[in-house]
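A quick write-up on the structure given underneath.
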Amino acid sequence: MSGASFMADSTGRLRWPGGEARCALGRSGVTPAESKREGDGASPLGAWQMRGAYWRPDRLARPASGLPVAPLLAEAGWCDDPADASYNRPVILPCAAGHEKLWREDHVYDLIVELGYNDDPVVPGKGSAIFLHVARPDYSPTEGCIACGLDDLLALLAAAKPGDVLEIVR
């Protein structure tokens with residue numbers, strides 16, 4: 001675990017070294033990781049490593065970060081089909097399995113931080129695509145992710161380094 005403290009709580013506050021902001025969590029609130037299920041709309045409680053980030057190069061400049069960052073491809077997707085071998089992994093579209101499209105018309109995935117939830121090992125049906133991403137303008141709930149304003153996400157990402165975790169707490 002990293003010494004840096006990155007934390008999102010169920011009251012809608014996101015904190016990181018040098019910053020604090022409003023955030024949105026899952027439409028069903030938070031749930032213990034062992035209770036998390038695909039499609040339940042809950043954010044999983046626990047500490048999840050920030051694996052790296054993706055950004056929309058047609059909308060943003062490369063973000064500053066100590067984490068690995070990569071441009072998001074127009075064909076990028078994320079498998080959310082528990083029956084598929086690529087479950088909770090990035091995929092290139094088109095993809096026959098159920099998936100989420102990451103290149104979106106809205107701006108919520110203009111910047112995505114991949115969180116290490118249910119990825120080592122992947123357990124089918126325990127939830128997929130748990131990200132830290134840009135909030136909708138009204139901060140409406142997510143499908144289980146954590147979301148904040150773009151400027152706040154850029155500031156958080158600039159403070160992040162390999163090994164840092166984001167903890168989701170009550």
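By convention here, the chains of the structure tokens are called A, B, ... in the order presented, each chain's residues are numbered starting at 1, and ligands are numbered starting at 1 in the order presented.
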
Skipping near chain neighbours, those fewer than 3 positions away, what residues fall within 12 Å of Thr31 (chain A) using only C-alpha atoms, listed as a PDB file with C-alpha atoms, in the first residue's frame?
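Output file around.pdb is given in full below:
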ATOM      1  CA  ASP A   9     -16.596   8.391   1.100  1.00  0.00           C
ATOM      2  CA  SER A  10     -20.310   7.720   0.934  1.00  0.00           C
ATOM      3  CA  LEU A  25     -20.716   7.215  -6.220  1.00  0.00           C
ATOM      4  CA  GLY A  26     -22.920   4.345  -7.324  1.00  0.00           C
ATOM      5  CA  ARG A  27     -26.683   4.774  -7.641  1.00  0.00           C
ATOM      6  CA  SER A  28     -27.095   1.993  -5.043  1.00  0.00           C
ATOM      7  CA  GLU A  34     -17.688  -9.473  -1.068  1.00  0.00           C
ATOM      8  CA  SER A  35     -21.335  -8.505  -1.756  1.00  0.00           C
ATOM      9  CA  LYS A  36     -20.644  -6.658  -5.033  1.00  0.00           C
ATOM     10  CA  ARG A  37     -22.403  -8.066  -8.121  1.00  0.00           C
ATOM     11  CA  ASP A  40     -25.926  -3.776  -8.914  1.00  0.00           C
ATOM     12  CA  GLY A  41     -25.009  -0.080  -9.246  1.00  0.00           C
ATOM     13  CA  ALA A  42     -22.986  -0.089  -6.017  1.00  0.00           C
ATOM     14  CA  SER A  43     -19.446   1.176  -5.438  1.00  0.00           C
ATOM     15  CA  PRO A  44     -17.314  -1.510  -3.720  1.00  0.00           C
ATOM     16  CA  LEU A  45     -15.915  -0.656  -0.288  1.00  0.00           C
ATOM     17  CA  GLY A  46     -12.174  -1.248   0.003  1.00  0.00           C
ATOM     18  CA  LYS A 126     -18.349  -9.747  -9.043  1.00  0.00           C
ATOM     19  CA  GLY A 127     -18.437  -6.458 -10.965  1.00  0.00           C
ATOM     20  CA  GLY A 144     -20.689   1.846  -9.388  1.00  0.00           C
ATOM     21  CA  ILE A 168     -13.880   3.726  -0.868  1.00  0.00           C
ATOM     22  CA  VAL A 169     -15.289   4.074   2.664  1.00  0.00           C
ATOM     23  CA  ARG A 170     -18.662   4.592   4.325  1.00  0.00           C
TER      24      ARG A 170
END

Env of Pro137 (chain A): 12 Å cut, atoms = only C-alpha atoms, seq-sep filter 5 positions within chain, self excluded. Answer as a compact mmCIF listing (two decimals) with N, CA and C atoms, in the first residue's frame.
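Done, and the output landed in around_38.txt:
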# COMPACT_ATOMS: atom_id res chain seq x y z
N ARG A 22 -15.99 17.37 -4.34
CA ARG A 22 -17.26 16.65 -4.38
C ARG A 22 -17.08 15.45 -5.32
N CYS A 23 -17.80 14.35 -5.03
CA CYS A 23 -17.79 13.22 -5.96
C CYS A 23 -19.15 12.54 -5.95
N ALA A 24 -19.37 11.74 -6.96
CA ALA A 24 -20.56 10.90 -7.07
C ALA A 24 -20.13 9.45 -6.95
N ASP A 106 -20.87 11.71 -24.47
CA ASP A 106 -20.80 12.60 -23.32
C ASP A 106 -19.34 12.70 -22.87
N HIS A 107 -19.08 13.37 -21.79
CA HIS A 107 -17.70 13.63 -21.38
C HIS A 107 -17.24 12.81 -20.18
N VAL A 108 -18.06 11.89 -19.68
CA VAL A 108 -17.71 11.19 -18.44
C VAL A 108 -16.47 10.32 -18.57
N ALA A 147 -16.91 9.39 -9.41
CA ALA A 147 -16.79 10.43 -10.43
C ALA A 147 -16.64 11.79 -9.76
N CYS A 148 -15.82 12.65 -10.37
CA CYS A 148 -15.63 14.01 -9.85
C CYS A 148 -15.44 14.95 -11.03
N GLY A 149 -15.36 16.23 -10.75
CA GLY A 149 -15.17 17.22 -11.79
C GLY A 149 -13.84 17.02 -12.51
N LEU A 150 -13.78 17.41 -13.77
CA LEU A 150 -12.57 17.22 -14.57
C LEU A 150 -11.36 17.89 -13.94

List as a tab-separated table every residue of region 108-135 of chain A that is in contact with region 66-83 of chain A, defined as an atom at most 8 Å from one of its atoms (using only C-alpha atoms), together with the nearest atom pair and the distance in Å rounded to one decimal, sorted by chain and then rising number.
residue	atom	partner	partner_atom	distance
A:Pro124	CA	A:Pro82	CA	4.6
A:Gly125	CA	A:Pro82	CA	5.1
A:Gly127	CA	A:Asp80	CA	7.8
A:Ser128	CA	A:Asp80	CA	5.8
A:Ala129	CA	A:Trp78	CA	6.6

Picked from region 33-97 of chain A by DSSP as strand (DSSP E), as a PDB file with N, CA and C atoms, in the first residue's frame:
ATOM      1  N   SER A  43     -20.899   1.002  -5.458  1.00  0.00           N
ATOM      2  CA  SER A  43     -19.446   1.176  -5.438  1.00  0.00           C
ATOM      3  C   SER A  43     -18.886   0.240  -4.364  1.00  0.00           C
ATOM      4  N   PRO A  44     -17.837  -0.535  -4.684  1.00  0.00           N
ATOM      5  CA  PRO A  44     -17.314  -1.510  -3.720  1.00  0.00           C
ATOM      6  C   PRO A  44     -16.422  -0.867  -2.652  1.00  0.00           C
ATOM      7  N   LEU A  45     -16.746  -1.113  -1.386  1.00  0.00           N
ATOM      8  CA  LEU A  45     -15.915  -0.656  -0.288  1.00  0.00           C
ATOM      9  C   LEU A  45     -14.574  -1.370  -0.338  1.00  0.00           C
ATOM     10  N   GLY A  46     -13.507  -0.647  -0.019  1.00  0.00           N
ATOM     11  CA  GLY A  46     -12.174  -1.248   0.003  1.00  0.00           C
ATOM     12  C   GLY A  46     -11.163  -0.312  -0.623  1.00  0.00           C
ATOM     13  N   ALA A  47      -9.917  -0.760  -0.627  1.00  0.00           N
ATOM     14  CA  ALA A  47      -8.806   0.015  -1.185  1.00  0.00           C
ATOM     15  C   ALA A  47      -8.394  -0.618  -2.506  1.00  0.00           C
ATOM     16  N   TRP A  48      -8.458   0.164  -3.573  1.00  0.00           N
ATOM     17  CA  TRP A  48      -8.235  -0.340  -4.929  1.00  0.00           C
ATOM     18  C   TRP A  48      -7.077   0.415  -5.568  1.00  0.00           C
ATOM     19  N   GLN A  49      -6.096  -0.333  -6.021  1.00  0.00           N
ATOM     20  CA  GLN A  49      -4.931   0.290  -6.639  1.00  0.00           C
ATOM     21  C   GLN A  49      -5.339   1.056  -7.894  1.00  0.00           C
ATOM     22  N   MET A  50      -4.770   2.246  -8.052  1.00  0.00           N
ATOM     23  CA  MET A  50      -4.981   3.025  -9.273  1.00  0.00           C
ATOM     24  C   MET A  50      -3.982   2.492 -10.301  1.00  0.00           C
ATOM     25  N   ARG A  51      -4.480   1.726 -11.266  1.00  0.00           N
ATOM     26  CA  ARG A  51      -3.619   1.017 -12.217  1.00  0.00           C
ATOM     27  C   ARG A  51      -3.012   1.939 -13.268  1.00  0.00           C
ATOM     28  N   GLY A  52      -3.762   2.917 -13.706  1.00  0.00           N
ATOM     29  CA  GLY A  52      -3.322   3.818 -14.764  1.00  0.00           C
ATOM     30  C   GLY A  52      -4.512   4.606 -15.263  1.00  0.00           C
ATOM     31  N   ALA A  53      -4.267   5.458 -16.244  1.00  0.00           N
ATOM     32  CA  ALA A  53      -5.323   6.334 -16.741  1.00  0.00           C
ATOM     33  C   ALA A  53      -5.364   6.327 -18.264  1.00  0.00           C
ATOM     34  N   TYR A  54      -6.551   6.622 -18.786  1.00  0.00           N
ATOM     35  CA  TYR A  54      -6.788   6.798 -20.215  1.00  0.00           C
ATOM     36  C   TYR A  54      -7.414   8.170 -20.411  1.00  0.00           C
ATOM     37  N   TRP A  55      -7.040   8.863 -21.474  1.00  0.00           N
ATOM     38  CA  TRP A  55      -7.637  10.166 -21.758  1.00  0.00           C
ATOM     39  C   TRP A  55      -8.029  10.239 -23.234  1.00  0.00           C
ATOM     40  N   VAL A  69      -0.168   6.557 -18.200  1.00  0.00           N
ATOM     41  CA  VAL A  69      -1.300   7.145 -18.918  1.00  0.00           C
ATOM     42  C   VAL A  69      -1.202   6.770 -20.391  1.00  0.00           C
ATOM     43  N   ALA A  70      -2.350   6.511 -20.989  1.00  0.00           N
ATOM     44  CA  ALA A  70      -2.394   6.117 -22.398  1.00  0.00           C
ATOM     45  C   ALA A  70      -3.585   6.792 -23.058  1.00  0.00           C
ATOM     46  N   PRO A  71      -3.436   7.142 -24.328  1.00  0.00           N
ATOM     47  CA  PRO A  71      -4.587   7.717 -25.033  1.00  0.00           C
ATOM     48  C   PRO A  71      -5.679   6.669 -25.208  1.00  0.00           C
ATOM     49  N   ALA A  76     -12.112   1.539 -28.125  1.00  0.00           N
ATOM     50  CA  ALA A  76     -11.937   0.986 -26.781  1.00  0.00           C
ATOM     51  C   ALA A  76     -13.263   0.586 -26.164  1.00  0.00           C
ATOM     52  N   GLY A  77     -13.244  -0.572 -25.519  1.00  0.00           N
ATOM     53  CA  GLY A  77     -14.386  -1.070 -24.765  1.00  0.00           C
ATOM     54  C   GLY A  77     -13.900  -1.766 -23.507  1.00  0.00           C
ATOM     55  N   TRP A  78     -14.858  -2.177 -22.681  1.00  0.00           N
ATOM     56  CA  TRP A  78     -14.545  -2.920 -21.454  1.00  0.00           C
ATOM     57  C   TRP A  78     -15.578  -4.025 -21.339  1.00  0.00           C
ATOM     58  N   CYS A  79     -15.118  -5.271 -21.255  1.00  0.00           N
ATOM     59  CA  CYS A  79     -16.027  -6.419 -21.219  1.00  0.00           C
ATOM     60  C   CYS A  79     -16.750  -6.497 -19.876  1.00  0.00           C
ATOM     61  N   PRO A  90     -10.092  -4.746 -20.670  1.00  0.00           N
ATOM     62  CA  PRO A  90     -10.314  -3.913 -21.853  1.00  0.00           C
ATOM     63  C   PRO A  90     -10.445  -4.787 -23.096  1.00  0.00           C
ATOM     64  N   VAL A  91     -11.279  -4.355 -24.019  1.00  0.00           N
ATOM     65  CA  VAL A  91     -11.463  -5.044 -25.301  1.00  0.00           C
ATOM     66  C   VAL A  91     -11.468  -4.004 -26.413  1.00  0.00           C
ATOM     67  N   ILE A  92     -11.212  -4.475 -27.609  1.00  0.00           N
ATOM     68  CA  ILE A  92     -11.302  -3.631 -28.798  1.00  0.00           C
ATOM     69  C   ILE A  92     -12.635  -3.938 -29.479  1.00  0.00           C
TER      70      ILE A  92
END

Practice task
Determine which residues of region 44-158 of chain A DSSP labels as alpha helix (DSSP H) from the backbone of this structure, then write them out as a list in words.
Solution key: Leu150, Asp151, Asp152, Leu153, Leu154, Ala155, Leu156, Leu157 and Ala158 of chain A

Preceding selection exported with C-alpha atoms as an mmCIF file, in the first residue's frame:
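The file below, result-v8.cif, is the result:
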data_model
loop_
_atom_site.group_PDB
_atom_site.id
_atom_site.type_symbol
_atom_site.label_atom_id
_atom_site.label_comp_id
_atom_site.auth_asym_id
_atom_site.auth_seq_id
_atom_site.Cartn_x
_atom_site.Cartn_y
_atom_site.Cartn_z
ATOM 1 C CA LEU A 150 -12.567 17.222 -14.567
ATOM 2 C CA ASP A 151 -10.329 19.826 -12.915
ATOM 3 C CA ASP A 152 -10.435 17.868 -9.656
ATOM 4 C CA LEU A 153 -9.657 14.615 -11.462
ATOM 5 C CA LEU A 154 -6.690 16.253 -13.201
ATOM 6 C CA ALA A 155 -5.387 17.514 -9.824
ATOM 7 C CA LEU A 156 -5.818 14.096 -8.211
ATOM 8 C CA LEU A 157 -4.104 12.380 -11.123
ATOM 9 C CA ALA A 158 -1.161 14.809 -10.896
#

Problem - Nearest to Glu100 (chain A) by atom-to-atom distance, counting only C-alpha atoms, from A:Leu115, A:Val122, A:Ile146, A:Ile130 - result: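 That would be A:Ile130, the residue with the smallest distance to Glu100 (chain A).
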
Fill in the blank from the handout: Taken to one decimal, the CA of Ile112 (chain A)-CA of Ala97 (chain A) distance is 21.7 Å

Problem - Pick from A:Thr142, A:His99, A:Leu132, A:Ser86, whichever lies nearest to Phe6 (chain A) using only C-alpha atoms - result: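 Nearest to Phe6 (chain A): A:Leu132.
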
Problem - Nearest-residue call for Glu38 (chain A), choices A:Asn88, A:Val113, A:Pro94, A:Pro162, using only C-alpha atoms - result: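 For Glu38 (chain A), the nearest of the candidates is A:Asn88.
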
Handout entry: Nearest residue to Glu167 (chain A) from the set A:Tyr117, A:Asp84, A:Ala135, A:Leu111 (distances using only C-alpha atoms)
Key =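 Result for the nearest residue to Glu167 (chain A): A:Tyr117.
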
Problem - Interatomic distance, CA of Val123 (chain A) to CA of Glu143 (chain A) (Å, one decimal) - result: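 Rounded to one decimal, the two atoms are 18.5 Å apart.
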
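CA of Cys145 (chain A) is positioned 7.4 Å from CA of His133 (chain A).
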
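Nearest-residue note for Arg89 (chain A): choosing from A:Ala159, A:Pro32, A:Glu105, A:Gly116, the minimum distance belongs to A:Gly116, counting only C-alpha atoms.
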